[in-house]
file entry-v3.cif (mmCIF, C-alpha atoms)
data_data
#
loop_
_atom_site.label_atom_id
_atom_site.label_comp_id
_atom_site.auth_asym_id
_atom_site.auth_seq_id
_atom_site.Cartn_x
_atom_site.Cartn_y
_atom_site.Cartn_z
CA MET A 1162 64.76 -5.83 17.71
CA LYS A 1163 63.58 -2.51 16.37
CA TYR A 1164 62.09 -0.15 18.95
CA MET A 1165 59.33 2.40 18.26
CA THR A 1166 59.49 5.99 19.37
CA ARG A 1167 56.73 7.26 21.68
CA GLN A 1168 55.17 9.11 18.74
CA GLN A 1169 55.18 5.95 16.60
CA PHE A 1170 53.65 3.94 19.42
CA GLY A 1171 50.93 6.57 19.87
CA ARG A 1172 50.05 6.52 16.19
CA LEU A 1173 49.86 2.71 16.21
CA ALA A 1174 47.62 2.70 19.27
CA LEU A 1175 45.32 5.29 17.70
CA ALA A 1176 45.10 3.32 14.46
CA SER A 1177 44.31 0.15 16.38
CA ALA A 1178 41.59 1.90 18.36
CA LEU A 1179 40.04 3.34 15.21
CA GLY A 1180 40.17 -0.04 13.55
CA LEU A 1181 38.39 -1.65 16.49
CA GLY A 1182 35.83 1.16 16.46
CA LEU A 1183 35.12 0.73 12.77
CA HIS A 1184 34.88 -3.02 13.25
CA GLY A 1185 32.40 -2.43 16.06
CA VAL A 1186 30.25 -0.19 13.85
CA ALA A 1187 30.30 -2.70 11.01
CA GLY A 1188 29.50 -5.48 13.45
CA ALA A 1189 26.55 -3.54 14.83
CA GLN A 1190 25.16 -3.00 11.31
CA ALA A 1191 25.70 -6.65 10.41
CA ALA A 1192 23.84 -7.72 13.56
CA TYR A 1193 20.65 -5.81 12.59
CA PRO A 1194 18.13 -6.24 14.01
CA THR A 1195 18.87 -6.49 17.72
CA LYS A 1196 15.45 -5.44 19.03
CA PRO A 1197 11.77 -5.56 17.97
CA ILE A 1198 10.71 -3.69 14.82
CA SER A 1199 7.62 -1.52 14.50
CA MET A 1200 5.64 -1.77 11.25
CA VAL A 1201 3.24 1.18 11.03
CA VAL A 1202 0.05 0.78 8.96
CA PRO A 1203 -1.82 3.88 7.65
CA ALA A 1204 -5.21 2.16 7.96
CA SER A 1205 -7.43 0.43 10.47
CA ALA A 1206 -7.41 -3.33 10.93
CA GLY A 1207 -9.22 -5.48 8.40
CA GLY A 1208 -8.18 -3.93 5.08
CA THR A 1209 -5.59 -5.09 2.57
CA THR A 1210 -2.86 -2.78 3.92
CA ASP A 1211 -3.33 -4.34 7.34
CA LEU A 1212 -3.36 -7.83 5.78
CA ALA A 1213 -0.08 -7.11 3.95
CA ALA A 1214 1.54 -5.89 7.17
CA ARG A 1215 0.41 -8.86 9.25
CA MET A 1216 1.43 -11.38 6.60
CA ALA A 1217 4.84 -9.72 6.32
CA ALA A 1218 5.30 -9.43 10.09
CA GLN A 1219 4.48 -13.09 10.60
CA ALA A 1220 6.80 -14.28 7.83
CA LEU A 1221 9.70 -11.84 8.31
CA GLY A 1222 9.90 -11.96 12.10
CA PRO A 1223 11.44 -15.44 12.31
CA VAL A 1224 13.88 -14.65 9.47
CA LEU A 1225 15.07 -11.49 11.20
CA GLY A 1226 15.05 -13.15 14.61
CA GLN A 1227 12.96 -10.36 16.10
CA THR A 1228 9.31 -9.63 16.80
CA ILE A 1229 7.65 -7.27 14.31
CA VAL A 1230 4.89 -5.27 15.98
CA VAL A 1231 2.10 -4.03 13.69
CA GLU A 1232 0.77 -0.58 14.64
CA ASN A 1233 -2.46 0.62 13.01
CA LYS A 1234 -2.42 4.41 12.68
CA GLY A 1235 -5.30 5.18 10.32
CA GLY A 1236 -6.67 8.59 9.43
CA GLY A 1237 -5.81 11.73 7.50
CA ASN A 1238 -5.41 10.02 4.10
CA GLY A 1239 -2.41 8.19 5.49
CA ASN A 1240 -0.80 11.32 6.93
CA ILE A 1241 -0.84 10.20 10.58
CA ALA A 1242 1.14 7.03 9.94
CA ALA A 1243 3.47 8.63 7.39
CA ALA A 1244 4.29 11.52 9.73
CA GLN A 1245 5.10 9.09 12.54
CA VAL A 1246 7.52 7.11 10.40
CA LYS A 1247 9.01 10.26 8.90
CA ARG A 1248 9.95 11.46 12.40
CA ALA A 1249 11.35 8.09 13.49
CA GLU A 1250 15.05 7.38 13.87
CA PRO A 1251 16.34 6.14 10.47
CA ASP A 1252 17.76 2.92 11.89
CA GLY A 1253 15.50 0.26 10.40
CA TYR A 1254 13.42 -0.24 13.54
CA THR A 1255 10.40 1.75 12.31
CA LEU A 1256 8.96 0.81 8.92
CA LEU A 1257 5.89 1.93 6.99
CA MET A 1258 3.67 -0.60 5.24
CA GLN A 1259 2.44 1.90 2.70
CA TYR A 1260 -0.71 1.78 0.60
CA SER A 1261 -0.21 3.10 -2.93
CA GLY A 1262 -3.38 5.20 -2.83
CA PHE A 1263 -1.91 7.23 0.01
CA HIS A 1264 1.63 7.33 -1.35
CA VAL A 1265 0.80 8.57 -4.84
CA ILE A 1266 -2.40 10.56 -4.27
CA SER A 1267 -2.23 12.18 -0.81
CA PRO A 1268 0.74 14.45 -1.73
CA HIS A 1269 -1.49 16.08 -4.40
CA LEU A 1270 -4.35 16.92 -2.04
CA GLY A 1271 -2.84 19.98 -0.39
CA LYS A 1272 -2.74 18.81 3.24
CA SER A 1273 0.07 16.28 3.25
CA SER A 1274 2.53 16.54 6.14
CA TRP A 1275 5.19 14.60 4.23
CA GLU A 1276 6.58 14.12 0.75
CA PRO A 1277 7.99 11.07 -1.04
CA ALA A 1278 11.57 12.22 -0.40
CA ASP A 1279 10.98 11.65 3.33
CA PHE A 1280 11.15 7.89 2.74
CA VAL A 1281 13.41 5.34 1.10
CA PRO A 1282 11.70 2.48 -0.77
CA VAL A 1283 12.48 -0.99 0.60
CA ALA A 1284 10.40 -3.51 -1.38
CA ASN A 1285 6.91 -4.16 -2.67
CA VAL A 1286 5.00 -6.93 -0.89
CA LEU A 1287 1.50 -7.31 -2.39
CA SER A 1288 -0.32 -5.97 -5.42
CA ALA A 1289 -4.06 -6.10 -6.00
CA PRO A 1290 -6.45 -4.52 -8.48
CA GLN A 1291 -9.58 -2.76 -7.28
CA ILE A 1292 -12.88 -4.57 -7.71
CA VAL A 1293 -16.28 -3.01 -8.35
CA VAL A 1294 -18.69 -4.25 -5.67
CA VAL A 1295 -22.42 -3.51 -5.29
CA ARG A 1296 -24.91 -4.30 -2.54
CA GLY A 1297 -26.61 -7.64 -2.94
CA ASP A 1298 -30.08 -6.29 -3.74
CA LEU A 1299 -29.06 -3.67 -6.31
CA PRO A 1300 -30.88 -4.61 -9.55
CA VAL A 1301 -27.71 -4.91 -11.67
CA ASN A 1302 -25.51 -7.92 -12.38
CA SER A 1303 -22.87 -6.54 -14.75
CA MET A 1304 -20.96 -3.36 -15.46
CA GLN A 1305 -23.09 -2.78 -18.54
CA GLU A 1306 -26.24 -2.97 -16.42
CA LEU A 1307 -24.69 -0.69 -13.79
CA VAL A 1308 -23.87 1.97 -16.40
CA ALA A 1309 -27.35 1.68 -17.96
CA TYR A 1310 -28.99 2.02 -14.54
CA ALA A 1311 -26.86 5.05 -13.67
CA LYS A 1312 -27.70 6.74 -16.98
CA ALA A 1313 -31.40 6.14 -16.43
CA ASN A 1314 -31.16 7.41 -12.85
CA PRO A 1315 -28.64 10.31 -12.77
CA ARG A 1316 -27.16 10.88 -9.30
CA LYS A 1317 -29.46 8.29 -7.75
CA LEU A 1318 -26.62 5.82 -7.19
CA ASN A 1319 -23.94 6.55 -4.61
CA TYR A 1320 -20.57 4.99 -3.93
CA ALA A 1321 -18.53 4.72 -0.75
CA SER A 1322 -14.82 5.43 -0.45
CA SER A 1323 -12.31 5.52 2.39
CA GLY A 1324 -12.11 9.31 2.10
CA ASN A 1325 -11.73 12.25 -0.27
CA GLY A 1326 -8.75 11.67 -2.49
CA SER A 1327 -8.56 7.95 -1.71
CA LEU A 1328 -7.95 5.48 -4.53
CA GLN A 1329 -11.60 4.39 -4.25
CA HIS A 1330 -12.66 8.01 -4.76
CA VAL A 1331 -10.53 8.58 -7.84
CA THR A 1332 -11.55 5.19 -9.26
CA GLY A 1333 -15.16 6.38 -8.97
CA VAL A 1334 -14.18 9.55 -10.82
CA GLN A 1335 -12.55 7.41 -13.52
CA LEU A 1336 -15.77 5.44 -13.90
CA GLU A 1337 -17.91 8.58 -14.15
CA GLN A 1338 -15.60 10.05 -16.79
CA ALA A 1339 -15.25 6.83 -18.80
CA ALA A 1340 -18.93 5.84 -18.76
CA GLY A 1341 -20.45 9.32 -18.92
CA ILE A 1342 -22.50 8.82 -15.76
CA GLN A 1343 -23.14 10.73 -12.54
CA ILE A 1344 -22.92 8.91 -9.22
CA VAL A 1345 -22.68 10.49 -5.77
CA HIS A 1346 -19.48 10.13 -3.75
CA VAL A 1347 -19.89 9.31 -0.03
CA PRO A 1348 -16.55 9.50 1.82
CA TYR A 1349 -15.87 7.42 4.94
CA LYS A 1350 -12.96 7.25 7.35
CA GLY A 1351 -11.65 3.95 6.12
CA THR A 1352 -12.67 0.86 4.18
CA GLY A 1353 -14.14 -0.82 7.27
CA PRO A 1354 -16.96 1.71 7.88
CA ALA A 1355 -17.64 1.95 4.13
CA LEU A 1356 -17.98 -1.84 3.91
CA GLN A 1357 -20.37 -1.96 6.85
CA ASP A 1358 -22.70 0.60 5.26
CA LEU A 1359 -22.52 -1.21 1.92
CA LEU A 1360 -23.59 -4.42 3.67
CA GLY A 1361 -26.31 -2.48 5.46
CA GLY A 1362 -27.66 -1.01 2.22
CA GLN A 1363 -26.88 2.62 3.09
CA VAL A 1364 -24.68 2.91 -0.02
CA ASP A 1365 -24.97 1.23 -3.41
CA LEU A 1366 -21.45 0.37 -4.48
CA THR A 1367 -17.79 0.81 -3.75
CA PHE A 1368 -14.34 0.02 -5.09
CA GLY A 1369 -11.49 -1.64 -3.24
CA THR A 1370 -9.00 -4.45 -3.17
CA ALA A 1371 -10.63 -7.87 -2.85
CA PRO A 1372 -9.51 -9.21 0.56
CA PRO A 1373 -12.02 -7.43 2.83
CA PHE A 1374 -14.90 -8.15 0.45
CA MET A 1375 -14.24 -11.81 -0.36
CA PRO A 1376 -16.16 -13.38 2.57
CA HIS A 1377 -19.23 -11.27 1.80
CA ILE A 1378 -19.05 -12.02 -1.95
CA GLN A 1379 -18.78 -15.73 -1.23
CA ALA A 1380 -21.74 -15.49 1.16
CA GLY A 1381 -23.85 -13.78 -1.52
CA LYS A 1382 -24.26 -10.57 0.47
CA LEU A 1383 -22.38 -8.51 -2.13
CA LYS A 1384 -22.01 -8.78 -5.91
CA VAL A 1385 -18.72 -8.18 -7.72
CA LEU A 1386 -19.08 -6.77 -11.23
CA ALA A 1387 -15.55 -6.22 -12.49
CA VAL A 1388 -11.82 -6.16 -11.75
CA THR A 1389 -10.03 -2.89 -12.49
CA GLY A 1390 -6.73 -4.53 -13.43
CA LYS A 1391 -5.29 -5.90 -16.67
CA GLU A 1392 -6.09 -9.52 -15.81
CA ARG A 1393 -8.81 -11.45 -14.04
CA LEU A 1394 -8.20 -12.48 -10.45
CA PRO A 1395 -7.51 -16.19 -9.84
CA SER A 1396 -9.80 -15.97 -6.81
CA LEU A 1397 -12.60 -14.48 -8.98
CA PRO A 1398 -12.11 -16.24 -12.33
CA GLN A 1399 -15.64 -15.54 -13.60
CA THR A 1400 -15.38 -11.79 -12.98
CA PRO A 1401 -14.36 -9.80 -16.09
CA THR A 1402 -11.92 -6.93 -16.16
CA THR A 1403 -13.25 -3.42 -16.75
CA ALA A 1404 -11.53 -3.52 -20.16
CA GLU A 1405 -13.55 -6.62 -21.05
CA THR A 1406 -16.75 -4.75 -20.16
CA GLY A 1407 -15.87 -1.87 -22.49
CA LEU A 1408 -14.30 0.44 -19.91
CA PRO A 1409 -10.50 0.15 -20.35
CA ALA A 1410 -9.94 3.64 -18.90
CA VAL A 1411 -11.11 2.37 -15.49
CA ASN A 1412 -7.81 0.86 -14.43
CA ALA A 1413 -6.64 1.02 -10.82
CA THR A 1414 -4.23 -1.42 -9.21
CA SER A 1415 -3.09 -0.98 -5.63
CA TRP A 1416 0.28 -1.96 -4.24
CA PHE A 1417 1.37 -2.42 -0.63
CA ALA A 1418 5.04 -1.82 0.01
CA LEU A 1419 7.59 -1.30 2.76
CA PHE A 1420 9.26 2.07 3.16
CA ALA A 1421 11.77 3.31 5.74
CA PRO A 1422 12.62 6.83 6.91
CA ALA A 1423 15.01 8.72 4.64
CA LYS A 1424 18.70 8.22 5.54
CA THR A 1425 18.16 4.67 6.76
CA PRO A 1426 21.53 2.92 6.21
CA ALA A 1427 21.83 1.26 2.82
CA ALA A 1428 23.00 -1.99 4.45
CA VAL A 1429 19.78 -2.18 6.48
CA VAL A 1430 17.61 -1.47 3.43
CA SER A 1431 19.49 -4.12 1.43
CA LYS A 1432 19.00 -6.74 4.15
CA LEU A 1433 15.28 -6.03 4.41
CA GLU A 1434 14.94 -6.05 0.61
CA ALA A 1435 16.68 -9.44 0.36
CA ASP A 1436 14.58 -10.95 3.15
CA VAL A 1437 11.33 -9.71 1.55
CA ARG A 1438 12.45 -11.23 -1.78
CA ASN A 1439 12.92 -14.62 -0.10
CA MET A 1440 9.64 -14.27 1.82
CA LEU A 1441 7.70 -13.73 -1.39
CA ARG A 1442 9.22 -16.84 -2.97
CA ASP A 1443 7.54 -19.02 -0.35
CA ALA A 1444 4.74 -21.09 -1.90
CA ALA A 1445 2.51 -20.86 1.18
CA PHE A 1446 2.84 -17.06 1.27
CA LYS A 1447 1.99 -16.83 -2.44
CA GLN A 1448 -1.07 -19.03 -2.05
CA LYS A 1449 -2.36 -17.11 0.96
CA ALA A 1450 -2.12 -13.88 -1.04
CA LEU A 1451 -3.96 -15.44 -4.00
CA ASP A 1452 -6.70 -16.79 -1.75
CA GLN A 1453 -7.29 -13.24 -0.54
CA GLY A 1454 -7.47 -11.74 -4.04
CA ALA A 1455 -3.94 -10.30 -4.04
CA THR A 1456 -0.56 -11.26 -5.53
CA ALA A 1457 2.80 -11.66 -3.83
CA ASP A 1458 4.61 -9.20 -6.06
CA PHE A 1459 8.27 -8.52 -5.22
CA MET A 1460 9.80 -5.31 -6.45
CA ASP A 1461 13.19 -4.13 -5.24
CA SER A 1462 13.96 -0.68 -3.87
CA LYS A 1463 14.92 0.88 -7.21
CA ALA A 1464 11.97 -0.55 -9.15
CA LEU A 1465 9.52 0.37 -6.39
CA GLY A 1466 10.75 3.96 -6.38
CA ALA A 1467 10.38 4.21 -10.16
CA MET A 1468 6.84 2.75 -10.10
CA ALA A 1469 5.78 5.12 -7.33
CA ALA A 1470 7.05 8.11 -9.33
CA ARG A 1471 5.10 7.01 -12.43
CA ASP A 1472 1.92 6.47 -10.42
CA ARG A 1473 2.20 9.89 -8.73
CA GLU A 1474 2.38 11.55 -12.15
CA MET A 1475 -0.60 9.58 -13.50
CA TRP A 1476 -2.90 10.25 -10.55
CA ALA A 1477 -1.89 13.92 -10.33
CA LYS A 1478 -3.75 14.50 -13.59
CA VAL A 1479 -6.92 12.81 -12.30
CA VAL A 1480 -6.84 14.76 -9.03
CA LYS A 1481 -6.32 18.08 -10.85
CA GLU A 1482 -9.02 17.49 -13.48
CA ALA A 1483 -11.59 16.48 -10.87
CA ASN A 1484 -10.46 19.20 -8.42
CA ILE A 1485 -10.26 16.67 -5.58
CA LYS A 1486 -9.35 18.07 -2.16
CA ALA A 1487 -8.52 16.42 1.15
CA ASP A 1488 -11.18 16.05 3.83
#

call {"tool": "encode", "arguments": {"input": "entry-v3.cif", "output": "structure tokens"}}
result
Amino acid sequence: MKYMTRQQFGRLALASALGLGLHGVAGAQAAYPTKPISMVVPASAGGTTDLAARMAAQALGPVLGQTIVVENKGGGNGNIAAAQVKRAEPDGYTLLMQYSGFHVISPHLGKSSWEPADFVPVANVLSAPQIVVVRGDLPVNSMQELVAYAKANPRKLNYASSGNGSLQHVTGVQLEQAAGIQIVHVPYKGTGPALQDLLGGQVDLTFGTAPPFMPHIQAGKLKVLAVTGKERLPSLPQTPTTAETGLPAVNATSWFALFAPAKTPAAVVSKLEADVRNMLRDAAFKQKALDQGATADFMDSKALGAMAARDREMWAKVVKEANIKAD
């Protein structure tokens, strides 16, 4: 039998301890998650960002074996929620269900408390074009009639948005520029209050993703004139795209995606990305999204990051030309 010297024995013991330690670390990462996850939403309840978060939380929770708690932190053009997630421990237990309008526009408004580099993309969940919606008693029934009415009545029409610099705001600017009209912008603190005043007749029209408006369109309380995407919505098959109405420059599609704090371990991001991919393959999930006027639209971390960068560049030009500032 060959005996080890004390020094050899010490080195062997140290190597064994390190090996067990590394195995423990790897095991801890593989076991993610081991506690509830917080999904922070930069908007109040009731909008499409909130819908995306609640659909994802309900579907992902059982897969991950943990409860996903949805936290609504609206306000500040998305800054309140983004700042909270930015400061969180980068361990995969605090995620941001981000709205594209905040992610690609807010950094250009001059008051952002974060920047895109503060987050790592995980995966896209839903995509949805904006729709053009008017109050039920407005005497127009098409985009052509809306433009003609606005030209005959400069600055008489007003439109609601969820705040200065929001995607609804810049979509309104797009419409003004493309159609050569003047309509008055009325900013609100979220889609919910804007929708209530549209239903009450205090404002004439607005833009937004379809889910919050669908019940009121179906009830005849609101009229939808166009979809600002490249294709018609399956849930609104009779509604033309803005391109079909002669306004191809009015093109605004929102996306709703998961982000994590920068420096979140790659293994955690990869697991979440894979689980979101599988979630979005589910036929029931896809149909629920379609029924709401959205699309289950998977995009992995790399593709999501590239799309976000392109969108930031595109909207930067609109914000600069219109001299849009934060509230």

call {"tool": "resolve_selection", "arguments": {"input": "entry-v3.cif", "expression": "the PyMOL selection byres ((chain A and resi 1373) around 7)", "output": "PyMOL selection string"}}
result
chain A and resi 1207-1209+1371-1372+1374-1375

call {"tool": "closest_residue", "arguments": {"input": "entry-v3.cif", "among": "A:Ser1462, A:Ser1273, A:Thr1210, A:Thr1332", "to": "Asn1240 of chain A", "atoms": "only C-alpha atoms"}}
result
A:Ser1273

call {"tool": "atom_distance", "arguments": {"input": "entry-v3.cif", "atom1": "atom CA of Ala1340 of chain A", "atom2": "atom CA of Gly1407 of chain A"}}
result
9.1 Å

call {"tool": "atom_distance", "arguments": {"input": "entry-v3.cif", "atom1": "atom CA of Ala1311 of chain A", "atom2": "atom CA of Ala1410 of chain A"}}
result
17.8 Å

call {"tool": "closest_residue", "arguments": {"input": "entry-v3.cif", "among": "A:Lys1317, A:Thr1389, A:Ser1274, A:Gly1369", "to": "Pro1401 of chain A", "atoms": "only C-alpha atoms"}}
result
A:Thr1389

call {"tool": "closest_residue", "arguments": {"input": "entry-v3.cif", "among": "A:Tyr1320, A:Tyr1254, A:Phe1280, A:Phe1417", "to": "Ala1450 of chain A", "atoms": "all atoms listed in the file"}}
result
A:Phe1417

call {"tool": "resolve_selection", "arguments": {"input": "entry-v3.cif", "expression": "the PyMOL selection byres ((chain A and resi 1276) around 10)", "output": "PyMOL selection string"}}
result
chain A and resi 1243-1244+1247+1264-1265+1267-1269+1273-1275+1277-1280
